[in-house]
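File shown here: protein_39.cif, holding mmCIF, C-alpha atoms and all ligand atoms.
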```cif
data_run
#
loop_
_atom_site.label_atom_id
_atom_site.label_comp_id
_atom_site.auth_asym_id
_atom_site.auth_seq_id
_atom_site.Cartn_x
_atom_site.Cartn_y
_atom_site.Cartn_z
CA MET G 49 24.43 64.35 118.82
CA PHE G 50 23.29 62.55 115.73
CA ILE G 51 20.16 60.50 115.37
CA VAL G 52 21.36 57.49 113.43
CA PRO G 53 19.67 54.10 113.87
CA ILE G 54 22.21 51.38 114.61
CA TRP G 55 20.95 49.12 111.78
CA TYR G 56 21.56 51.98 109.38
CA ALA G 57 25.10 52.59 110.64
CA VAL G 58 25.90 48.85 110.52
CA SER G 59 24.61 48.55 106.92
CA LEU G 60 26.47 51.68 105.86
CA PHE G 61 29.79 50.46 107.26
CA PHE G 62 29.10 46.95 105.89
CA VAL G 63 28.83 48.39 102.35
CA LEU G 64 31.82 50.69 102.94
CA GLY G 65 33.78 47.68 104.16
CA ALA G 66 32.92 45.73 100.99
CA CYS G 67 34.15 48.62 98.83
CA VAL G 68 37.38 48.96 100.81
CA GLY G 69 37.77 45.16 100.55
CA SER G 70 37.52 45.51 96.79
CA PHE G 71 40.41 48.00 96.91
CA TYR G 72 42.39 45.71 99.24
CA ASN G 73 42.01 42.94 96.65
CA VAL G 74 43.81 45.24 94.24
CA VAL G 75 46.49 45.93 96.88
CA ILE G 76 46.95 42.20 97.61
CA TYR G 77 47.28 41.37 93.91
CA ARG G 78 49.32 44.32 92.64
CA MET G 79 51.60 45.35 95.48
CA PRO G 80 53.82 42.21 95.60
CA ARG G 81 54.04 42.42 91.79
CA GLY G 82 55.24 46.02 91.98
CA LEU G 83 52.27 47.32 89.96
CA SER G 84 50.62 50.72 90.41
CA LEU G 85 47.45 50.63 92.51
CA ILE G 86 45.65 53.22 90.41
CA LYS G 87 46.71 52.69 86.81
CA PRO G 88 45.54 50.82 84.84
CA PRO G 89 41.94 50.36 86.10
CA SER G 90 40.85 46.79 86.95
CA PHE G 91 41.73 44.40 84.16
CA CYS G 92 41.32 40.68 83.53
CA PRO G 93 44.65 39.00 84.35
CA THR G 94 44.11 36.47 81.53
CA CYS G 95 43.04 38.51 78.48
CA LYS G 96 43.96 41.96 79.89
CA LYS G 97 40.55 43.40 79.00
CA GLN G 98 39.27 46.18 81.22
CA ILE G 99 36.52 45.11 83.64
CA PRO G 100 33.36 47.26 83.53
CA ILE G 101 32.34 48.77 86.85
CA TYR G 102 29.06 46.78 87.15
CA HIS G 103 30.99 43.51 86.96
CA ASN G 104 33.44 44.86 89.50
CA LEU G 105 30.91 45.55 92.25
CA PRO G 106 32.08 43.97 95.50
CA ILE G 107 30.62 40.50 96.29
CA VAL G 108 27.57 40.90 93.96
CA GLY G 109 29.76 41.16 90.84
CA TRP G 110 31.31 37.77 91.50
CA LEU G 111 27.93 36.18 92.32
CA PHE G 112 26.33 37.67 89.20
CA LEU G 113 29.12 36.29 87.00
CA ARG G 114 29.04 32.99 88.95
CA GLY G 115 32.78 33.15 89.46
CA LYS G 116 33.75 33.41 85.79
CA SER G 117 35.01 36.49 83.99
CA ALA G 118 32.64 38.00 81.42
CA CYS G 119 35.40 38.60 78.86
CA CYS G 120 36.98 35.15 78.52
CA ARG G 121 35.14 32.94 81.01
CA THR G 122 38.27 32.45 83.11
CA ARG G 123 37.55 31.29 86.63
CA ILE G 124 37.78 34.18 89.13
CA SER G 125 39.27 33.09 92.45
CA ILE G 126 36.78 32.91 95.31
CA GLN G 127 39.43 34.82 97.28
CA TYR G 128 38.05 38.08 95.79
CA PRO G 129 34.47 37.91 97.12
CA LEU G 130 35.71 36.34 100.37
CA VAL G 131 38.10 39.25 101.06
CA GLU G 132 35.24 41.67 100.27
CA LEU G 133 32.80 39.81 102.53
CA LEU G 134 35.35 39.66 105.36
CA CYS G 135 35.99 43.40 105.09
CA ALA G 136 32.24 44.07 104.97
CA VAL G 137 31.66 42.05 108.16
CA LEU G 138 34.59 43.79 109.90
CA GLY G 139 33.10 47.12 108.75
CA GLY G 140 29.72 46.33 110.34
CA LEU G 141 31.50 45.04 113.43
CA SER G 142 33.33 48.35 113.89
CA VAL G 143 29.96 50.06 114.53
CA ILE G 144 28.96 47.44 117.11
CA LEU G 145 32.34 47.50 118.87
CA ALA G 146 32.23 51.31 119.01
CA GLU G 147 29.12 50.77 121.18
CA TRP G 148 26.79 52.70 118.94
CA PRO G 149 23.94 53.58 121.31
CA LEU G 150 20.65 51.75 120.87
CA ASP G 151 18.65 54.96 121.40
CA PHE G 152 20.22 56.16 118.12
CA MET G 153 21.80 59.22 119.74
CA ALA G 154 25.33 58.83 118.51
CA SER G 155 27.92 61.29 119.80
CA TRP G 156 31.18 62.43 118.20
CA THR G 157 33.02 59.88 120.34
CA GLN G 158 31.16 56.97 118.76
CA ILE G 159 31.76 58.34 115.30
CA ALA G 160 35.50 58.74 115.96
CA ASP G 161 35.66 55.23 117.48
CA THR G 162 33.78 53.72 114.55
CA ILE G 163 36.11 55.29 111.98
CA ALA G 164 39.20 54.29 113.98
CA LEU G 165 38.00 50.70 114.46
CA PHE G 166 36.93 50.48 110.82
CA TRP G 167 40.47 51.39 109.81
CA LEU G 168 42.20 49.16 112.37
CA LEU G 169 40.08 46.05 111.75
CA LEU G 170 40.16 46.19 107.95
CA ALA G 171 43.92 46.84 107.85
CA ILE G 172 44.48 43.35 109.32
CA VAL G 173 43.39 41.80 106.00
CA PRO G 174 45.95 43.29 103.54
CA VAL G 175 48.77 43.45 106.11
CA CYS G 176 48.43 39.72 106.89
CA ALA G 177 47.87 38.76 103.24
CA VAL G 178 50.95 40.59 101.96
CA ASP G 179 53.39 40.64 104.90
CA PHE G 180 53.33 36.91 105.78
CA LYS G 181 54.23 35.94 102.24
CA HIS G 182 56.27 38.85 100.89
CA HIS G 183 57.54 40.64 104.01
CA LEU G 184 56.10 43.93 102.80
CA ILE G 185 53.55 46.25 104.33
CA PRO G 186 51.56 48.25 101.77
CA ASP G 187 52.20 52.00 102.03
CA SER G 188 48.52 52.59 101.28
CA ILE G 189 47.85 50.93 104.65
CA SER G 190 50.72 52.22 106.81
CA VAL G 191 50.95 55.76 105.46
CA GLY G 192 47.17 55.76 105.06
CA GLY G 193 46.95 54.93 108.77
CA ILE G 194 49.08 57.93 109.68
CA VAL G 195 46.80 60.20 107.63
CA VAL G 196 43.62 58.66 109.09
CA GLY G 197 45.02 58.90 112.63
CA LEU G 198 45.93 62.56 112.30
CA LEU G 199 42.55 63.39 110.69
CA VAL G 200 40.43 61.45 113.22
CA SER G 201 42.10 63.40 116.05
CA PHE G 202 40.21 66.49 114.84
CA ILE G 203 36.92 64.77 115.73
CA PRO G 204 36.19 65.78 119.33
CA GLY G 205 35.97 63.11 122.03
CA GLY G 206 39.07 61.02 121.56
CA VAL G 207 42.77 61.71 121.11
CA VAL G 208 43.36 65.44 120.50
CA PRO G 209 45.53 66.63 117.56
CA GLN G 210 48.63 67.34 119.75
CA GLU G 211 48.49 63.82 121.26
CA SER G 212 48.04 62.39 117.80
CA LEU G 213 51.09 64.21 116.43
CA ILE G 214 53.22 63.27 119.46
CA GLY G 215 52.00 59.66 119.20
CA PHE G 216 52.97 59.54 115.54
CA LEU G 217 56.44 60.98 116.22
CA VAL G 218 57.24 58.97 119.36
CA ALA G 219 56.02 55.65 117.92
CA GLY G 220 57.71 56.21 114.57
CA VAL G 221 61.04 57.53 115.84
CA GLY G 222 61.06 55.08 118.78
CA LEU G 223 60.58 51.98 116.68
CA TYR G 224 63.00 53.26 114.05
CA GLY G 225 65.65 53.68 116.76
CA LEU G 226 64.90 50.24 118.17
CA GLY G 227 65.25 48.79 114.67
CA LEU G 228 68.66 50.44 114.22
CA LEU G 229 69.81 49.16 117.61
CA MET G 230 68.68 45.61 116.89
CA THR G 231 70.24 45.70 113.45
CA ARG G 232 73.56 46.60 115.16
CA LEU G 233 73.20 43.86 117.78
CA LEU G 234 72.04 41.10 115.43
CA LYS G 235 74.29 42.33 112.61
CA LYS G 236 71.43 42.01 110.13
CA GLU G 237 68.31 43.93 109.14
CA ALA G 238 66.03 43.47 112.15
CA MET G 239 63.05 45.65 111.45
CA GLY G 240 61.45 46.72 108.20
CA PHE G 241 60.60 50.35 107.62
CA GLY G 242 57.03 49.15 106.93
CA ASP G 243 56.65 48.17 110.61
CA VAL G 244 57.85 51.64 111.63
CA LYS G 245 55.29 53.40 109.44
CA LEU G 246 52.52 51.07 110.62
CA LEU G 247 53.24 51.72 114.30
CA ALA G 248 53.59 55.46 113.65
CA GLY G 249 50.01 55.31 112.31
CA TYR G 250 48.82 53.55 115.46
CA GLY G 251 50.55 56.26 117.49
CA ALA G 252 48.67 58.91 115.52
CA LEU G 253 45.38 57.08 116.07
CA MET G 254 45.63 56.24 119.77
CA GLY G 255 48.57 58.17 121.25
CA TRP G 256 52.12 57.01 122.04
CA PHE G 257 51.25 55.03 125.15
CA TYR G 258 48.83 52.64 123.46
CA ALA G 259 51.10 52.36 120.42
CA PHE G 260 53.81 51.21 122.83
CA GLU G 261 51.37 48.68 124.27
CA VAL G 262 50.60 47.42 120.75
CA LEU G 263 54.34 46.95 120.17
CA ILE G 264 54.91 45.00 123.41
CA PHE G 265 51.90 42.69 123.05
CA ALA G 266 52.50 42.17 119.32
CA ALA G 267 56.02 40.99 120.20
CA PHE G 268 54.55 38.58 122.77
CA LEU G 269 52.01 37.29 120.28
CA GLY G 270 54.69 36.98 117.59
CA LEU G 271 56.94 34.88 119.82
CA LEU G 272 53.99 32.78 120.98
CA VAL G 273 53.06 31.94 117.39
CA MET G 274 56.43 31.89 115.63
CA LEU G 275 58.59 29.98 118.12
CA PRO G 276 56.53 26.75 118.02
CA LEU G 277 56.30 27.13 114.24
CA LYS G 278 60.08 27.42 113.91
CA PHE G 279 60.62 24.54 116.30
CA PHE G 280 58.22 22.41 114.27
CA LYS G 281 60.01 23.36 111.07
CA LYS G 282 63.38 22.43 112.58
CA ILE G 283 62.11 18.97 113.43
CA LYS G 284 60.96 18.57 109.88
CA GLY G 285 64.41 19.69 108.74
CA SER G 286 63.25 22.15 106.12
CA GLU G 287 64.82 25.54 105.40
CA ALA G 288 64.50 26.49 109.07
CA GLU G 289 68.23 27.20 109.09
CA ASN G 290 67.69 30.14 106.79
CA THR G 291 65.07 31.88 108.90
CA SER G 292 66.21 34.12 111.69
CA PHE G 293 64.60 36.31 114.27
CA GLY G 294 64.89 39.30 111.99
CA GLU G 295 62.87 37.62 109.31
CA ILE G 296 59.73 37.08 111.38
CA PRO G 297 57.05 39.16 109.73
CA PHE G 298 56.06 41.58 112.48
CA GLY G 299 53.32 43.51 110.67
CA PRO G 300 50.56 40.90 111.04
CA PHE G 301 51.00 40.76 114.81
CA LEU G 302 51.01 44.56 115.07
CA SER G 303 47.84 44.75 112.97
CA ILE G 304 46.04 42.11 115.06
CA MET G 305 47.00 43.67 118.41
CA ALA G 306 46.12 47.25 117.37
CA PRO G 307 42.28 46.99 117.46
CA ILE G 308 42.49 44.79 120.58
CA VAL G 309 44.56 47.43 122.39
CA TYR G 310 42.30 50.20 121.06
CA LEU G 311 39.29 48.46 122.60
CA TRP G 312 40.68 46.84 125.73
CA GLY G 313 44.14 48.41 126.22
CA ASP G 314 43.49 49.42 129.84
CA GLU G 315 42.03 46.05 130.84
CA ILE G 316 44.92 44.12 129.27
CA LEU G 317 47.40 46.34 131.06
CA LYS G 318 45.65 45.71 134.40
CA VAL G 319 45.81 41.93 133.92
CA TYR G 320 49.45 42.17 132.84
CA LEU G 321 50.41 44.32 135.84
CA SER G 322 48.55 42.00 138.25
CA PHE G 323 50.92 39.23 137.12
CA ILE G 324 53.98 41.36 137.90
CA TYR G 325 52.87 42.70 141.29
ZN ZN I 1 39.44 37.91 80.35
#
```
Mind turning this structure into structure tokens?
Amino acid sequence: MFIVPIWYAVSLFFVLGACVGSFYNVVIYRMPRGLSLIKPPSFCPTCKKQIPIYHNLPIVGWLFLRGKSACCRTRISIQYPLVELLCAVLGGLSVILAEWPLDFMASWTQIADTIALFWLLLAIVPVCAVDFKHHLIPDSISVGGIVVGLLVSFIPGGVVPQESLIGFLVAGVGLYGLGLLMTRLLKKEAMGFGDVKLLAGYGALMGWFYAFEVLIFAAFLGLLVMLPLKFFKKIKGSEAENTSFGEIPFGPFLSIMAPIVYLWGDEILKVYLSFIY
């Protein structure tokens, strides 16, 4: 038991979320350009000058500079503080969704849930930002998810370490096999290795069964969104001919379904099964 007021936990994870959002800005900018995430430290894209840490503070830095860089007064895209704010809000939300008790007596379960949800919710931002446009899933997110999943399993109350390891292996190997099979059938690359690593992380975080559920419902969601889009594109007669099933970015749908399944996996399954029987 821990005595942590909910307002304190929400503020803490809000600030943590803003900081992670600041890192995700780096991921979103550098990863498609093939740049290292660590070196060099933040620099101005216009004049290449290094940005001091106090100008680089999430959200407040941008507000303080009124959206213009201190070095050469170049406009800084509002995308930066917006990504940070979004991640901050998702961070605070992860405490509320983990049902942090109002009597302040948080248990290990709530702490494990908060960390898991924090990871799952914030990952949506970089995965959607990068995968939709560039068909890439950042390793810092997918491999990071595997590491977080395996580590969180050591916190008592949720998935135990054995389940986590099995979840990681089954989800990873399973999706990899499915990808190979579909590549054979469709005679073209059907599944990116990024998707495999992402789902392996979900397996580590919530066990193989829920990872499987994420996969199924993400495929549903993907078809629901992408089919009308493709149909619409065909009518317009654009490059729809060049897009194929294999080129649908799958990562965003996986990342959106993951926290939903983590929170309401059993309920969704019940509704789904009631349709079948
Ligand atoms: Zn500059």
Cut-off 10 Å: closest chain G/ligand ZN 1 (chain I) atom pairs per residue, using all atoms listed in the file, as JSON lines:
```
{"residue": "G:Phe91", "atom": "CA", "partner": "I:ZN1", "partner_atom": "ZN", "distance": 7.9}
{"residue": "G:Cys92", "atom": "CA", "partner": "I:ZN1", "partner_atom": "ZN", "distance": 4.6}
{"residue": "G:Pro93", "atom": "CA", "partner": "I:ZN1", "partner_atom": "ZN", "distance": 6.7}
{"residue": "G:Thr94", "atom": "CA", "partner": "I:ZN1", "partner_atom": "ZN", "distance": 5.0}
{"residue": "G:Cys95", "atom": "CA", "partner": "I:ZN1", "partner_atom": "ZN", "distance": 4.1}
{"residue": "G:Lys96", "atom": "CA", "partner": "I:ZN1", "partner_atom": "ZN", "distance": 6.1}
{"residue": "G:Lys97", "atom": "CA", "partner": "I:ZN1", "partner_atom": "ZN", "distance": 5.8}
{"residue": "G:Gln98", "atom": "CA", "partner": "I:ZN1", "partner_atom": "ZN", "distance": 8.3}
{"residue": "G:Ile99", "atom": "CA", "partner": "I:ZN1", "partner_atom": "ZN", "distance": 8.4}
{"residue": "G:Lys116", "atom": "CA", "partner": "I:ZN1", "partner_atom": "ZN", "distance": 9.1}
{"residue": "G:Ser117", "atom": "CA", "partner": "I:ZN1", "partner_atom": "ZN", "distance": 5.9}
{"residue": "G:Ala118", "atom": "CA", "partner": "I:ZN1", "partner_atom": "ZN", "distance": 6.9}
{"residue": "G:Cys119", "atom": "CA", "partner": "I:ZN1", "partner_atom": "ZN", "distance": 4.4}
{"residue": "G:Cys120", "atom": "CA", "partner": "I:ZN1", "partner_atom": "ZN", "distance": 4.1}
{"residue": "G:Arg121", "atom": "CA", "partner": "I:ZN1", "partner_atom": "ZN", "distance": 6.6}
{"residue": "G:Thr122", "atom": "CA", "partner": "I:ZN1", "partner_atom": "ZN", "distance": 6.2}
{"residue": "G:Arg123", "atom": "CA", "partner": "I:ZN1", "partner_atom": "ZN", "distance": 9.3}
{"residue": "G:Ile124", "atom": "CA", "partner": "I:ZN1", "partner_atom": "ZN", "distance": 9.7}
```
Non-local contacts of Cys135 in chain G (12 Å; only C-alpha atoms; under 5 positions in same chain excluded) as an MDAnalysis selection string
chainID G and resid 61:73 106:107 128:130 140:142 166:174
Neighbours of range 309-324 of chain G within 8 Å (all atoms listed in the file; same-chain residues fewer than 3 positions away dropped), as a PDB file with C-alpha atoms, in the frame of the given file?
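The resulting file, out02.pdb, is reproduced below:
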```
ATOM      1  CA  LEU G 145      32.340  47.500 118.870  1.00  0.00           C
ATOM      2  CA  LEU G 165      38.000  50.700 114.460  1.00  0.00           C
ATOM      3  CA  MET G 254      45.630  56.240 119.770  1.00  0.00           C
ATOM      4  CA  TYR G 258      48.830  52.640 123.460  1.00  0.00           C
ATOM      5  CA  GLU G 261      51.370  48.680 124.270  1.00  0.00           C
ATOM      6  CA  VAL G 262      50.600  47.420 120.750  1.00  0.00           C
ATOM      7  CA  MET G 305      47.000  43.670 118.410  1.00  0.00           C
ATOM      8  CA  ALA G 306      46.120  47.250 117.370  1.00  0.00           C
TER       9      ALA G 306
END
```
Near range 200-205 of chain G, counting only C-alpha atoms, which residues have an atom at most 8 Å away, once you skip same-chain residues fewer than 3 positions from it, shown as a list in words?
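Counting only C-alpha atoms, the residues come to Trp156, Thr157, Ala160, Ile163, Ala164, Val196, Gly197, Val208, Pro209, Ser212, Ala252 and Leu253 of chain G.
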Between G:Tyr224, G:Asp179, G:Arg81, G:Ile296, smallest distance to Leu271 in chain G by only C-alpha atoms belongs to G:Ile296
Report the distance between CA of Val191 in chain G and CA of Gly206 in chain G in Å, rounded to one decimal place.
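Those two atoms sit 20.7 Å apart.
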Excluding Leu217 in chain G and its own-chain neighbours fewer than 2 positions away, which residues fall within 12 Å of it when counting all atoms listed in the file? Please give them as a list of chain:residue names.
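My reading of the contact set: G:Ile194, G:Leu198, G:Gln210, G:Glu211, G:Ser212, G:Leu213, G:Ile214, G:Gly215, G:Ala219, G:Gly220, G:Val221, G:Gly222, G:Leu223, G:Tyr224, G:Gly225, G:Val244, G:Lys245, G:Leu247, G:Ala248, G:Gly249, G:Tyr250, G:Gly251, G:Ala252, G:Leu253, G:Gly255, G:Trp256, G:Phe257, G:Ala259.
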Write out the residues from the selection above, keeping C-alpha atoms, as a PDB file, keeping the file's coordinate frame.
```pdb
ATOM      1  CA  ILE G 194      49.080  57.930 109.680  1.00  0.00           C
ATOM      2  CA  LEU G 198      45.930  62.560 112.300  1.00  0.00           C
ATOM      3  CA  GLN G 210      48.630  67.340 119.750  1.00  0.00           C
ATOM      4  CA  GLU G 211      48.490  63.820 121.260  1.00  0.00           C
ATOM      5  CA  SER G 212      48.040  62.390 117.800  1.00  0.00           C
ATOM      6  CA  LEU G 213      51.090  64.210 116.430  1.00  0.00           C
ATOM      7  CA  ILE G 214      53.220  63.270 119.460  1.00  0.00           C
ATOM      8  CA  GLY G 215      52.000  59.660 119.200  1.00  0.00           C
ATOM      9  CA  ALA G 219      56.020  55.650 117.920  1.00  0.00           C
ATOM     10  CA  GLY G 220      57.710  56.210 114.570  1.00  0.00           C
ATOM     11  CA  VAL G 221      61.040  57.530 115.840  1.00  0.00           C
ATOM     12  CA  GLY G 222      61.060  55.080 118.780  1.00  0.00           C
ATOM     13  CA  LEU G 223      60.580  51.980 116.680  1.00  0.00           C
ATOM     14  CA  TYR G 224      63.000  53.260 114.050  1.00  0.00           C
ATOM     15  CA  GLY G 225      65.650  53.680 116.760  1.00  0.00           C
ATOM     16  CA  VAL G 244      57.850  51.640 111.630  1.00  0.00           C
ATOM     17  CA  LYS G 245      55.290  53.400 109.440  1.00  0.00           C
ATOM     18  CA  LEU G 247      53.240  51.720 114.300  1.00  0.00           C
ATOM     19  CA  ALA G 248      53.590  55.460 113.650  1.00  0.00           C
ATOM     20  CA  GLY G 249      50.010  55.310 112.310  1.00  0.00           C
ATOM     21  CA  TYR G 250      48.820  53.550 115.460  1.00  0.00           C
ATOM     22  CA  GLY G 251      50.550  56.260 117.490  1.00  0.00           C
ATOM     23  CA  ALA G 252      48.670  58.910 115.520  1.00  0.00           C
ATOM     24  CA  LEU G 253      45.380  57.080 116.070  1.00  0.00           C
ATOM     25  CA  GLY G 255      48.570  58.170 121.250  1.00  0.00           C
ATOM     26  CA  TRP G 256      52.120  57.010 122.040  1.00  0.00           C
ATOM     27  CA  PHE G 257      51.250  55.030 125.150  1.00  0.00           C
ATOM     28  CA  ALA G 259      51.100  52.360 120.420  1.00  0.00           C
TER      29      ALA G 259
END
```
Kindly list the centre and edge lengths in Å, rounded to one decimal, for the axis-aligned box that covers all listed atoms of range 131-142 of chain G plus 8 Å on each of its six sides, as AutoDock Vina command-line options.
```
--center_x 33.9 --center_y 43.8 --center_z 107.1 --size_x 24.4 --size_y 25.1 --size_z 29.6
```
Work out how far apart CA of Ser303 in chain G and CA of Val273 in chain G are and give it in Å to one decimal.
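Going from CA of Ser303 in chain G over to CA of Val273 in chain G covers 14.5 Å.
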How many Å separate CA of Lys278 in chain G from CA of His183 in chain G?
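Going from CA of Lys278 in chain G over to CA of His183 in chain G, I get 16.7 Å.
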Working from the structure I just supplied, which lacks atoms in range 66-81 of chain G, can you model N, CA and C atoms there and output them as an mmCIF file, in the frame of the given file?
```cif
data_model
loop_
_atom_site.group_PDB
_atom_site.id
_atom_site.type_symbol
_atom_site.label_atom_id
_atom_site.label_comp_id
_atom_site.auth_asym_id
_atom_site.auth_seq_id
_atom_site.Cartn_x
_atom_site.Cartn_y
_atom_site.Cartn_z
ATOM 1 N N ALA G 66 32.847 46.511 102.228
ATOM 2 C CA ALA G 66 32.920 45.730 100.990
ATOM 3 C C ALA G 66 33.698 46.497 99.923
ATOM 4 N N CYS G 67 33.462 47.796 99.841
ATOM 5 C CA CYS G 67 34.150 48.620 98.830
ATOM 6 C C CYS G 67 35.653 48.706 99.152
ATOM 7 N N VAL G 68 35.973 48.917 100.429
ATOM 8 C CA VAL G 68 37.380 48.960 100.810
ATOM 9 C C VAL G 68 38.027 47.593 100.553
ATOM 10 N N GLY G 69 37.268 46.511 100.814
ATOM 11 C CA GLY G 69 37.770 45.160 100.550
ATOM 12 C C GLY G 69 38.106 44.974 99.087
ATOM 13 N N SER G 70 37.283 45.575 98.226
ATOM 14 C CA SER G 70 37.520 45.510 96.790
ATOM 15 C C SER G 70 38.859 46.178 96.450
ATOM 16 N N PHE G 71 39.132 47.309 97.102
ATOM 17 C CA PHE G 71 40.410 48.000 96.910
ATOM 18 C C PHE G 71 41.562 47.162 97.477
ATOM 19 N N TYR G 72 41.341 46.540 98.634
ATOM 20 C CA TYR G 72 42.390 45.710 99.240
ATOM 21 C C TYR G 72 42.724 44.508 98.365
ATOM 22 N N ASN G 73 41.719 43.997 97.618
ATOM 23 C CA ASN G 73 42.010 42.940 96.650
ATOM 24 C C ASN G 73 43.037 43.409 95.635
ATOM 25 N N VAL G 74 42.870 44.651 95.196
ATOM 26 C CA VAL G 74 43.810 45.240 94.240
ATOM 27 C C VAL G 74 45.197 45.341 94.890
ATOM 28 N N VAL G 75 45.225 45.798 96.153
ATOM 29 C CA VAL G 75 46.490 45.930 96.880
ATOM 30 C C VAL G 75 47.180 44.561 96.992
ATOM 31 N N ILE G 76 46.392 43.542 97.390
ATOM 32 C CA ILE G 76 46.950 42.200 97.610
ATOM 33 C C ILE G 76 47.505 41.625 96.306
ATOM 34 N N TYR G 77 46.823 41.906 95.200
ATOM 35 C CA TYR G 77 47.280 41.370 93.910
ATOM 36 C C TYR G 77 48.458 42.170 93.355
ATOM 37 N N ARG G 78 48.346 43.503 93.379
ATOM 38 C CA ARG G 78 49.320 44.320 92.640
ATOM 39 C C ARG G 78 50.577 44.649 93.416
ATOM 40 N N MET G 79 50.448 44.843 94.739
ATOM 41 C CA MET G 79 51.600 45.350 95.480
ATOM 42 C C MET G 79 52.814 44.411 95.429
ATOM 43 N N PRO G 80 52.637 43.088 95.691
ATOM 44 C CA PRO G 80 53.820 42.210 95.600
ATOM 45 C C PRO G 80 54.389 42.135 94.189
ATOM 46 N N ARG G 81 53.564 42.457 93.173
ATOM 47 C CA ARG G 81 54.040 42.420 91.790
ATOM 48 C C ARG G 81 54.637 43.758 91.361
#
```
